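Participant: My questions will all concern the structure given below.
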Amino acid sequence: MTNTLKPPTVINPDVLIPVNPAIESYMHSLVRQTDHPVLAEMEALAEKNNFPIVGRLVGVFLETLAKTANAKRVFEFGSGYGYSAYWFAKAVGDGGQVICSEADFLNQEKAEQYLRAAGLWDRVDFRAGMAQAIFAETEGLFDICYNDVDKGDYPEIWALAKGRIRPGGLYIADNVLWRGRVAVTHFTDVFQGWTEAIMEHNHLIFNDPDFDAFINPTRDGVIVARRKTA
Ligand SMILES: C[S@@+](CC[C@H](N)C(=O)[O-])C[C@H]1O[C@@H](n2cnc3c(N)ncnc32)[C@H](O)[C@@H]1O
C-alpha cells in the first residue's frame with residue numbers, strides 16, 4: 001500500500017502574513033497621511049536598514065488605543081529609534097509621558113533627533129539599556145505597557161508588566177502572530193525558541209483572569225490586554 005502521509009513541510013513564513021497584503025494596502029490607502037513629515041523619514045530609514053518598526057497601520061492603532069484609554073503614562077519595552085513612541089507621545093498629549101527603553105544606545109540619538117523635530121521630545125523619557133532593568137527603576141502604575149523587545153523575552157516582560165498596569169489600562173505587544181509561525185507545527189524561526197516564547201506569552205495573557213484580551217492581526221499581530229476594573 002502506498003503511504004499517502006506527506007513528510008512534514010517547513011513553512012516559508014512569507015506565505016503566512018496574517019492579513020492578505022492586498023487588504024493591508026487597502027487599509028493603508030484609508031489612513032490619513034497628514035502626520036508630521038518626520039514620520040516619513042523614520043519610515044524611509046526603516047526601509048533602508050530593514051529595521052522592524054511597527055509601521056503606520058499599527059502606529060495609528062496604538063495612538064487610537066492610547067487615546068481611548070486616556071493614557072498619560074506609557075512604558076515602552078524596546079523602542080528602537082522612537083517610531084512607536086511617536087504615536088504614544090502624540091496620544092498622551094501635553095503633560096503626558098512616554099518612558100522609552102532601548103538596548104542599542106545608538107538609537108537614542110536618532111530618537112531624539114526625530115522626536116524633537118516632531119515637537120514630541122519633551123513628552124519622552126528615553127533611556128538606553130535593558131528594558132527589564134529600566135522598568136525596575138520606575139515606580140507606580142502605567143496606563144499602558146507596550147512590549148516590542150526580542151521575542152524570547154516576551155513571557156518575562158508580561159510577568160513584569162502585568163502588575164504595573166492600572167485597572168482599565170492596557171498591555172500591548174507587537175509580533176504576537178510571528179508571521180503565522182504560532183499557528184503551524186513546522187516552521188523556520190528567526191532565533192530558536194522565539195515562536196515558543198510568543199506562544200507561551202499569548203497563552204498566559206488569554207488565561208489571565210485579571211485581563212480581557214484580543215489580537216488584532218494587522219501586520220504581524222498586536223495583542224491588546226485590558227486590566228479588569230473589578
Ligand atoms: C522591533 S524593534 C522596536 C521597534 C519600535 N517599537 C518601533 O516600532 O519603532 C525592537 C528593539 O528592541 C530593542 N531590544 C530588544 N530587546 C531589548 C531589551 N531586552 N531591552 C531593551 N531593548 C531591547 C532592540 O535593540 C530593537 O531596537
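Numbering starts fresh at 1 for the residues of each chain in the C-alpha cells, the chains themselves are lettered A, B, ... in the order given, and ligands are numbered from 1 as they appear.
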Show me which residues are within 10 Å of ligand 1 counting only C-alpha atoms and all ligand atoms, and format the list as a CSV table (one decimal) with N, CA and C atoms, in the first residue's frame.

Facilitator:
chain,number,residue,atom,x,y,z
A,42,MET,N,11.4,58.6,9.2
A,42,MET,CA,11.6,57.4,10.1
A,42,MET,C,11.2,56.1,9.3
A,43,GLU,N,10.2,56.2,8.5
A,43,GLU,CA,9.8,55.0,7.7
A,43,GLU,C,10.8,54.7,6.7
A,46,ALA,N,13.7,52.9,8.2
A,46,ALA,CA,13.4,51.5,8.5
A,46,ALA,C,13.5,50.7,7.2
A,51,PHE,N,14.8,47.8,9.3
A,51,PHE,CA,14.6,47.8,10.7
A,51,PHE,C,13.1,47.7,11.0
A,52,PRO,N,12.7,46.8,12.0
A,52,PRO,CA,11.3,46.4,12.2
A,52,PRO,C,10.5,47.4,13.0
A,53,ILE,N,10.2,48.6,12.4
A,53,ILE,CA,9.2,49.5,13.1
A,53,ILE,C,7.8,48.9,12.9
A,54,VAL,N,6.9,49.4,13.8
A,54,VAL,CA,5.5,48.8,13.7
A,54,VAL,C,4.8,49.2,12.4
A,55,GLY,N,5.2,50.3,11.8
A,55,GLY,CA,4.5,50.8,10.6
A,55,GLY,C,3.3,51.6,10.9
A,56,ARG,N,2.8,52.2,9.8
A,56,ARG,CA,1.7,53.2,10.0
A,56,ARG,C,0.4,52.7,10.5
A,58,VAL,N,-0.2,50.0,12.3
A,58,VAL,CA,-0.2,49.7,13.7
A,58,VAL,C,0.0,51.0,14.5
A,59,GLY,N,0.8,51.9,14.0
A,59,GLY,CA,1.0,53.2,14.7
A,59,GLY,C,-0.3,53.9,15.0
A,76,GLU,N,7.5,51.9,27.3
A,76,GLU,CA,7.8,51.1,26.1
A,76,GLU,C,9.0,50.2,26.4
A,77,PHE,N,8.8,48.9,26.2
A,77,PHE,CA,9.9,47.9,26.2
A,77,PHE,C,10.4,47.7,24.8
A,78,GLY,N,11.6,48.2,24.5
A,78,GLY,CA,12.1,48.0,23.1
A,78,GLY,C,11.6,49.2,22.2
A,79,SER,N,12.3,50.3,22.2
A,79,SER,CA,11.8,51.5,21.5
A,79,SER,C,12.4,51.8,20.2
A,80,GLY,N,13.5,51.0,19.8
A,80,GLY,CA,14.2,51.3,18.5
A,80,GLY,C,14.6,52.8,18.5
A,81,TYR,N,14.3,53.5,17.4
A,81,TYR,CA,14.6,54.9,17.3
A,81,TYR,C,13.4,55.8,17.5
A,82,GLY,N,12.4,55.2,18.1
A,82,GLY,CA,11.3,56.1,18.6
A,82,GLY,C,10.0,56.1,17.7
A,83,TYR,N,9.9,55.2,16.7
A,83,TYR,CA,8.8,55.3,15.8
A,83,TYR,C,7.5,55.0,16.6
A,84,SER,N,7.4,53.9,17.3
A,84,SER,CA,6.2,53.6,18.0
A,84,SER,C,5.9,54.7,19.1
A,85,ALA,N,7.1,55.1,19.7
A,85,ALA,CA,6.9,56.2,20.7
A,85,ALA,C,6.3,57.5,20.1
A,86,TYR,N,6.5,57.7,18.9
A,86,TYR,CA,5.9,58.9,18.2
A,86,TYR,C,4.4,58.9,18.4
A,87,TRP,N,3.8,57.7,18.2
A,87,TRP,CA,2.4,57.6,18.2
A,87,TRP,C,1.9,57.7,19.7
A,100,CYS,N,10.8,55.4,27.3
A,100,CYS,CA,11.3,54.5,26.3
A,100,CYS,C,12.5,53.8,26.9
A,101,SER,N,12.6,52.5,26.5
A,101,SER,CA,13.8,51.8,26.9
A,101,SER,C,14.4,51.1,25.6
A,102,GLU,N,15.7,51.1,25.4
A,102,GLU,CA,16.3,50.6,24.2
A,102,GLU,C,17.7,50.1,24.4
A,103,ALA,N,17.9,48.9,24.1
A,103,ALA,CA,19.2,48.3,24.3
A,103,ALA,C,20.4,48.9,23.5
A,104,ASP,N,20.1,49.3,22.3
A,104,ASP,CA,21.1,49.8,21.4
A,104,ASP,C,21.2,51.4,21.6
A,105,PHE,N,22.2,51.8,22.3
A,105,PHE,CA,22.3,53.2,22.7
A,105,PHE,C,22.4,54.1,21.4
A,106,LEU,N,22.8,53.6,20.3
A,106,LEU,CA,22.9,54.4,19.1
A,106,LEU,C,21.5,54.8,18.6
A,107,ASN,N,20.5,54.1,19.0
A,107,ASN,CA,19.2,54.6,18.6
A,107,ASN,C,18.7,55.8,19.4
A,108,GLN,N,19.3,56.0,20.6
A,108,GLN,CA,18.8,57.1,21.4
A,108,GLN,C,19.0,58.5,20.7
A,111,ALA,N,16.4,58.8,17.9
A,111,ALA,CA,15.1,59.1,18.5
A,111,ALA,C,15.0,60.6,18.9
A,127,ARG,N,15.5,56.1,27.6
A,127,ARG,CA,16.7,55.6,28.4
A,127,ARG,C,17.3,54.4,27.7
A,128,ALA,N,18.6,54.4,27.5
A,128,ALA,CA,19.4,53.3,26.9
A,128,ALA,C,19.7,52.3,27.9
A,129,GLY,N,19.5,51.0,27.5
A,129,GLY,CA,19.8,49.9,28.4
A,129,GLY,C,18.8,48.8,28.3
A,130,MET,N,18.9,47.8,29.1
A,130,MET,CA,17.9,46.7,29.0
A,130,MET,C,16.6,47.1,29.6
A,131,ALA,N,15.5,46.9,28.9
A,131,ALA,CA,14.2,47.3,29.3
A,131,ALA,C,13.8,46.8,30.7
A,132,GLN,N,14.2,45.5,30.9
A,132,GLN,CA,13.8,44.9,32.2
A,132,GLN,C,14.4,45.7,33.4
A,133,ALA,N,15.7,46.1,33.2
A,133,ALA,CA,16.4,46.9,34.3
A,133,ALA,C,15.8,48.3,34.4
A,134,ILE,N,15.5,48.9,33.3
A,134,ILE,CA,15.0,50.3,33.3
A,134,ILE,C,13.6,50.3,33.9
A,135,PHE,N,12.8,49.3,33.5
A,135,PHE,CA,11.5,49.2,34.1
A,135,PHE,C,11.5,49.1,35.6
A,146,TYR,N,3.9,48.7,26.8
A,146,TYR,CA,4.0,48.2,25.4
A,146,TYR,C,5.2,47.4,25.2
A,147,ASN,N,5.1,46.2,24.7
A,147,ASN,CA,6.3,45.3,24.6
A,147,ASN,C,6.6,45.0,23.1
A,148,ASP,N,7.9,45.3,22.8
A,148,ASP,CA,8.4,45.0,21.4
A,148,ASP,C,9.9,44.6,21.5
A,149,VAL,N,10.3,43.9,22.6
A,149,VAL,CA,11.7,43.5,22.7
A,149,VAL,C,11.9,42.2,21.9
A,150,ASP,N,13.1,41.6,22.1
A,150,ASP,CA,13.4,40.3,21.5
A,150,ASP,C,12.4,39.3,22.0
A,151,LYS,N,11.9,38.5,21.0
A,151,LYS,CA,10.7,37.7,21.3
A,151,LYS,C,10.9,36.7,22.3
A,152,GLY,N,12.1,36.2,22.5
A,152,GLY,CA,12.4,35.2,23.6
A,152,GLY,C,12.1,35.7,25.0
A,153,ASP,N,12.1,37.0,25.1
A,153,ASP,CA,11.8,37.7,26.4
A,153,ASP,C,10.3,38.0,26.7
A,154,TYR,N,9.5,37.7,25.7
A,154,TYR,CA,8.1,38.1,25.9
A,154,TYR,C,7.4,37.6,27.2
A,156,GLU,N,8.7,36.9,30.0
A,156,GLU,CA,9.3,37.7,31.1
A,156,GLU,C,8.7,39.1,31.2
A,157,ILE,N,8.6,39.7,30.1
A,157,ILE,CA,8.1,41.1,30.1
A,157,ILE,C,6.6,41.1,30.5
A,173,ALA,N,1.4,44.2,22.9
A,173,ALA,CA,2.7,43.6,22.4
A,173,ALA,C,2.5,43.4,20.9
A,174,ASP,N,3.6,43.7,20.2
A,174,ASP,CA,3.6,43.5,18.7
A,174,ASP,C,4.2,42.1,18.4
A,175,ASN,N,4.0,41.7,17.2
A,175,ASN,CA,4.5,40.5,16.6
A,175,ASN,C,4.0,39.2,17.2

Participant: What residues in stretch 1-228 of chain A get the DSSP label alpha helix (DSSP H)? Please answer as a PyMOL selection string.

Facilitator: chain A and resi 21-30+38-49+55-68+83-92+106-117+131-137+154-161+194-206

Participant: Could you name the residues that touch A:Pro167 at 9 Å or less, counting only C-alpha atoms, but leaving out those on the same chain fewer than 5 positions away, as an mmCIF file with N, CA and C atoms, in the first residue's frame?

Facilitator:
data_model
loop_
_atom_site.group_PDB
_atom_site.id
_atom_site.type_symbol
_atom_site.label_atom_id
_atom_site.label_comp_id
_atom_site.auth_asym_id
_atom_site.auth_seq_id
_atom_site.Cartn_x
_atom_site.Cartn_y
_atom_site.Cartn_z
ATOM 1 N N ASP A 143 -0.516 53.522 32.470
ATOM 2 C CA ASP A 143 -1.761 53.372 31.705
ATOM 3 C C ASP A 143 -1.578 52.326 30.615
ATOM 4 N N ARG A 226 -6.607 44.259 28.358
ATOM 5 C CA ARG A 226 -7.066 45.324 29.259
ATOM 6 C C ARG A 226 -7.207 44.764 30.666
ATOM 7 N N ARG A 227 -6.581 45.450 31.619
ATOM 8 C CA ARG A 227 -6.718 45.001 33.014
ATOM 9 C C ARG A 227 -8.126 45.307 33.506
ATOM 10 N N LYS A 228 -8.773 44.296 34.068
ATOM 11 C CA LYS A 228 -10.163 44.476 34.504
ATOM 12 C C LYS A 228 -10.222 45.467 35.665
ATOM 13 N N THR A 229 -11.353 46.124 35.757
ATOM 14 C CA THR A 229 -11.505 47.141 36.790
ATOM 15 C C THR A 229 -12.100 46.564 38.075
ATOM 16 N N ALA A 230 -12.710 45.401 37.980
ATOM 17 C CA ALA A 230 -13.269 44.797 39.203
ATOM 18 C C ALA A 230 -13.267 43.283 39.044
#

Participant: Any idea what the distance is between atom CA of A:Gly169 and atom CA of A:Ile144?

Facilitator: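 These atoms are spaced 5.7 Å apart.
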
Participant: Separation of atom CA of A:Pro217 and atom CA of A:Gly96, in Å?

Facilitator: 28.4 Å

Participant: Distance table requested - stretch 56-85 of chain A against stretch 210-216 of chain A, cut-off 12 Å, only C-alpha atoms: one row per qualifying residue with the closest atom pair and its distance in Å to one decimal, ordered by chain and rising residue number, as JSON lines.

Facilitator:
{"residue": "A:Leu57", "atom": "CA", "partner": "A:Asn216", "partner_atom": "CA", "distance": 11.0}
{"residue": "A:Val58", "atom": "CA", "partner": "A:Asn216", "partner_atom": "CA", "distance": 9.3}
{"residue": "A:Phe61", "atom": "CA", "partner": "A:Asn216", "partner_atom": "CA", "distance": 9.3}
{"residue": "A:Leu62", "atom": "CA", "partner": "A:Asn216", "partner_atom": "CA", "distance": 11.1}
{"residue": "A:Leu65", "atom": "CA", "partner": "A:Asn216", "partner_atom": "CA", "distance": 11.8}

Participant: Tell me, in Å to one decimal, how far atom CA of A:Ala91 is from atom CA of A:Lys67.

Facilitator: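 Taking atom CA of A:Ala91 as the start and atom CA of A:Lys67 as the end point, the length is 5.5 Å.
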
Participant: Let's see if you can do this: from backbone DSSP, list all strand (DSSP E) residues in chain A, as a VMD selection string.

Facilitator: chain A and resid 73 to 77 97 to 102 124 to 128 142 to 147 165 to 174 211 to 216 222 to 227

Participant: Between A:Pro155, A:Arg219, A:Gly168, A:Met27, which residue has the minimum interatomic distance to A:Ile198, considering only C-alpha atoms?

Facilitator: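 Smallest distance to A:Ile198 is found for A:Pro155.
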
Participant: Find, counting only C-alpha atoms, the residue in A:Ala225, A:Val176, A:Leu16, A:Ala69 that gets nearest to A:Thr188.

Facilitator: A:Leu16
